[in-house]
Amino acid sequence: MRLDDVFTQRIEKKNDTGIISEMLRDSFNHAIKKLKIHTKDIIEVAVAVPATVDIKGMIIHAPNLGWKNIDLAKEFKDVFEGIPINI
């Protein structure tokens with residue numbers, strides 16, 4: 001099974017990490033159900049953001065999203081329930 005068969009979703013919401021967190025949570029839950037895997041089997045989650053990011057995963061500046069100084073790993077912490085997040 002290809003990942004494209006599981007989900008492909010472009011998120012174009014700006015300035016609202018809450019909405020993006022919800023959409024990411026929905027996509028993640030859909031993917032693990034479709035792939036029939038358990039979250040304990042996931043080693044890490046990587047999130048790509050078109051932004052300047054510091055070593056801790058803090059979004060310094062994402063001009064096309066209108067984001068500055070956002071701790072995205074913290075925002076997504078509850079989405080991935082204990083799985084390490086790499087921004």
# chains A, B, ... in the order shown; residues from 1 in each chain; ligands from 1
call {"tool": "select_by_dssp", "arguments": {"residues": "chain A", "states": "strand (DSSP E)", "output": "ChimeraX atom specification"}}
result
/A:45-46,52-53,58-62,67-71,85-86
call {"tool": "select_by_dssp", "arguments": {"residues": "chain A", "states": "alpha helix (DSSP H)", "output": "JSON, numbers by chain"}}
result
{"A": [3, 4, 5, 6, 17, 18, 19, 20, 21, 22, 23, 24, 25, 26, 27, 28, 29, 30, 31, 32, 33, 34, 35, 72, 73, 74, 75, 77, 78, 79, 80]}
call {"tool": "atom_distance", "arguments": {"atom1": "CA of His30 in chain A", "atom2": "CA of Ala48 in chain A"}}
result
18.9 Å
call {"tool": "atom_distance", "arguments": {"atom1": "CA of Gly18 in chain A", "atom2": "CA of Ile70 in chain A"}}
result
11.7 Å
call {"tool": "residues_around", "arguments": {"residues": "Leu24 in chain A", "least_positions_apart": "4", "cutoff": "10 Å", "atoms": "only C-alpha atoms", "output": "VMD selection string"}}
result
chain A and resid 9 11 18 to 20 28 to 30 47 76 79 to 80
call {"tool": "write_last_selection", "arguments": {"atoms": "N, CA and C atoms", "output": "PDB file, in the first residue's frame"}}
result
ATOM      1  N   GLN A   9      -3.391  15.455   1.778  1.00  0.00           N
ATOM      2  CA  GLN A   9      -4.196  16.627   2.094  1.00  0.00           C
ATOM      3  C   GLN A   9      -3.303  17.846   2.165  1.00  0.00           C
ATOM      4  N   ILE A  11      -2.933  21.538   3.377  1.00  0.00           N
ATOM      5  CA  ILE A  11      -3.534  22.420   4.372  1.00  0.00           C
ATOM      6  C   ILE A  11      -3.170  23.851   4.019  1.00  0.00           C
ATOM      7  N   GLY A  18      -4.530  26.115  15.699  1.00  0.00           N
ATOM      8  CA  GLY A  18      -5.570  25.258  16.273  1.00  0.00           C
ATOM      9  C   GLY A  18      -6.301  24.474  15.202  1.00  0.00           C
ATOM     10  N   ILE A  19      -6.680  25.147  14.120  1.00  0.00           N
ATOM     11  CA  ILE A  19      -7.357  24.478  13.003  1.00  0.00           C
ATOM     12  C   ILE A  19      -6.412  23.476  12.349  1.00  0.00           C
ATOM     13  N   ILE A  20      -5.161  23.876  12.186  1.00  0.00           N
ATOM     14  CA  ILE A  20      -4.187  22.984  11.572  1.00  0.00           C
ATOM     15  C   ILE A  20      -3.957  21.762  12.464  1.00  0.00           C
ATOM     16  N   PHE A  28      -3.889  12.100  10.776  1.00  0.00           N
ATOM     17  CA  PHE A  28      -3.079  11.109  11.468  1.00  0.00           C
ATOM     18  C   PHE A  28      -3.934   9.911  11.887  1.00  0.00           C
ATOM     19  N   ASN A  29      -5.081  10.186  12.500  1.00  0.00           N
ATOM     20  CA  ASN A  29      -5.976   9.102  12.929  1.00  0.00           C
ATOM     21  C   ASN A  29      -6.470   8.287  11.741  1.00  0.00           C
ATOM     22  N   HIS A  30      -6.784   8.954  10.652  1.00  0.00           N
ATOM     23  CA  HIS A  30      -7.218   8.258   9.438  1.00  0.00           C
ATOM     24  C   HIS A  30      -6.104   7.342   8.920  1.00  0.00           C
ATOM     25  N   VAL A  47       7.199  16.744  10.771  1.00  0.00           N
ATOM     26  CA  VAL A  47       6.279  17.723  10.202  1.00  0.00           C
ATOM     27  C   VAL A  47       7.107  18.741   9.422  1.00  0.00           C
ATOM     28  N   PHE A  76       1.383  20.537  18.698  1.00  0.00           N
ATOM     29  CA  PHE A  76       0.986  19.229  18.187  1.00  0.00           C
ATOM     30  C   PHE A  76       1.183  18.103  19.197  1.00  0.00           C
ATOM     31  N   VAL A  79      -1.724  15.961  19.711  1.00  0.00           N
ATOM     32  CA  VAL A  79      -2.134  15.276  18.482  1.00  0.00           C
ATOM     33  C   VAL A  79      -1.471  13.908  18.394  1.00  0.00           C
ATOM     34  N   PHE A  80      -0.200  13.841  18.752  1.00  0.00           N
ATOM     35  CA  PHE A  80       0.570  12.617  18.567  1.00  0.00           C
ATOM     36  C   PHE A  80       0.787  11.820  19.854  1.00  0.00           C
TER      37      PHE A  80
END
call {"tool": "closest_residue", "arguments": {"among": "A:Ile87, A:Ile37, A:Ala73, A:Ile32", "to": "Pro50 in chain A", "atoms": "only C-alpha atoms"}}
result
A:Ile87
call {"tool": "residues_around", "arguments": {"residues": "Gly82 in chain A", "least_positions_apart": "3", "cutoff": "12 Å", "atoms": "only C-alpha atoms", "output": "PyMOL selection string"}}
result
chain A and resi 39-45+73-74+76-79+85
call {"tool": "write_last_selection", "arguments": {"atoms": "all heavy atoms", "output": "short mmCIF file (atom, residue, chain, number, x, y, z; two decimals), in the first residue's frame"}}
result
data_model
loop_
_atom_site.label_atom_id
_atom_site.label_comp_id
_atom_site.auth_asym_id
_atom_site.auth_seq_id
_atom_site.Cartn_x
_atom_site.Cartn_y
_atom_site.Cartn_z
N THR A 39 -0.17 3.31 17.50
CA THR A 39 0.74 4.43 17.72
C THR A 39 2.03 4.01 18.43
O THR A 39 3.05 4.64 18.26
CB THR A 39 0.06 5.56 18.52
OG1 THR A 39 -0.46 5.02 19.74
CG2 THR A 39 -1.05 6.19 17.72
N LYS A 40 1.99 2.92 19.22
CA LYS A 40 3.21 2.47 19.91
C LYS A 40 4.27 1.97 18.92
O LYS A 40 5.44 1.87 19.26
CB LYS A 40 2.90 1.39 20.94
CG LYS A 40 2.42 0.09 20.36
CD LYS A 40 2.14 -0.93 21.46
CE LYS A 40 1.48 -2.14 20.90
NZ LYS A 40 2.27 -3.22 20.53
N ASP A 41 3.85 1.68 17.70
CA ASP A 41 4.77 1.20 16.68
C ASP A 41 5.41 2.35 15.88
O ASP A 41 6.25 2.11 15.03
CB ASP A 41 4.06 0.26 15.70
CG ASP A 41 3.53 -0.98 16.40
OD1 ASP A 41 4.23 -1.49 17.30
OD2 ASP A 41 2.42 -1.42 16.08
N ILE A 42 5.01 3.59 16.16
CA ILE A 42 5.54 4.75 15.45
C ILE A 42 6.72 5.31 16.23
O ILE A 42 6.61 5.63 17.41
CB ILE A 42 4.45 5.82 15.24
CG1 ILE A 42 3.31 5.23 14.41
CG2 ILE A 42 5.04 7.07 14.59
CD1 ILE A 42 2.09 6.13 14.32
N ILE A 43 7.85 5.43 15.57
CA ILE A 43 9.08 5.88 16.23
C ILE A 43 9.11 7.40 16.38
O ILE A 43 9.51 7.94 17.40
CB ILE A 43 10.32 5.41 15.42
CG1 ILE A 43 10.35 3.89 15.41
CG2 ILE A 43 11.60 6.00 16.00
CD1 ILE A 43 11.35 3.31 14.44
N GLU A 44 8.68 8.10 15.33
CA GLU A 44 8.76 9.56 15.32
C GLU A 44 7.82 10.10 14.25
O GLU A 44 7.51 9.43 13.28
CB GLU A 44 10.19 9.98 14.99
CG GLU A 44 10.41 11.47 14.94
CD GLU A 44 11.85 11.83 14.59
OE1 GLU A 44 12.31 11.45 13.49
OE2 GLU A 44 12.50 12.48 15.41
N VAL A 45 7.38 11.33 14.46
CA VAL A 45 6.58 12.04 13.46
C VAL A 45 7.39 13.23 13.00
O VAL A 45 7.93 13.98 13.81
CB VAL A 45 5.23 12.52 14.06
CG1 VAL A 45 4.51 13.42 13.09
CG2 VAL A 45 4.36 11.32 14.44
N ALA A 73 5.89 22.07 17.91
CA ALA A 73 5.96 20.77 18.59
C ALA A 73 5.04 20.76 19.81
O ALA A 73 4.34 19.77 20.06
CB ALA A 73 7.40 20.46 18.99
N LYS A 74 5.01 21.85 20.54
CA LYS A 74 4.12 21.95 21.70
C LYS A 74 2.65 21.96 21.26
O LYS A 74 1.81 21.31 21.87
CB LYS A 74 4.44 23.22 22.49
CG LYS A 74 3.64 23.37 23.75
CD LYS A 74 4.04 24.62 24.51
CE LYS A 74 3.21 24.81 25.75
NZ LYS A 74 3.55 26.05 26.44
N PHE A 76 1.38 20.54 18.70
CA PHE A 76 0.99 19.23 18.19
C PHE A 76 1.18 18.10 19.20
O PHE A 76 0.92 16.95 18.90
CB PHE A 76 1.78 18.90 16.92
CG PHE A 76 1.41 19.76 15.73
CD1 PHE A 76 2.26 19.83 14.65
CD2 PHE A 76 0.25 20.49 15.69
CE1 PHE A 76 1.95 20.60 13.55
CE2 PHE A 76 -0.08 21.28 14.60
CZ PHE A 76 0.78 21.33 13.52
N LYS A 77 1.65 18.44 20.39
CA LYS A 77 1.96 17.42 21.40
C LYS A 77 0.77 16.50 21.66
O LYS A 77 0.92 15.27 21.71
CB LYS A 77 2.41 18.10 22.68
CG LYS A 77 3.03 17.19 23.69
CD LYS A 77 3.55 18.00 24.86
CE LYS A 77 4.33 17.10 25.80
NZ LYS A 77 4.92 17.87 26.88
N ASP A 78 -0.41 17.06 21.83
CA ASP A 78 -1.58 16.23 22.13
C ASP A 78 -2.08 15.48 20.90
O ASP A 78 -2.77 14.48 21.01
CB ASP A 78 -2.71 17.07 22.73
CG ASP A 78 -3.29 18.08 21.77
OD1 ASP A 78 -2.52 18.67 20.99
OD2 ASP A 78 -4.53 18.26 21.77
N VAL A 79 -1.72 15.96 19.71
CA VAL A 79 -2.13 15.28 18.48
C VAL A 79 -1.47 13.91 18.39
O VAL A 79 -2.11 12.91 18.05
CB VAL A 79 -1.77 16.11 17.23
CG1 VAL A 79 -2.04 15.34 15.95
CG2 VAL A 79 -2.52 17.44 17.23
N ILE A 85 8.17 14.37 18.14
CA ILE A 85 7.84 15.18 16.97
C ILE A 85 9.09 15.92 16.53
O ILE A 85 9.75 16.57 17.33
CB ILE A 85 6.73 16.19 17.29
CG1 ILE A 85 5.49 15.47 17.82
CG2 ILE A 85 6.39 17.03 16.06
CD1 ILE A 85 4.47 16.39 18.45
#
call {"tool": "residues_around", "arguments": {"residues": "Ala51 in chain A", "least_positions_apart": "2", "cutoff": "9 Å", "atoms": "only C-alpha atoms", "output": "ChimeraX atom specification"}}
result
/A:48-49,53,59-65,67
call {"tool": "closest_residue", "arguments": {"among": "A:Arg25, A:His38, A:Lys33, A:Lys56", "to": "Asn69 in chain A", "atoms": "only C-alpha atoms"}}
result
A:Lys56
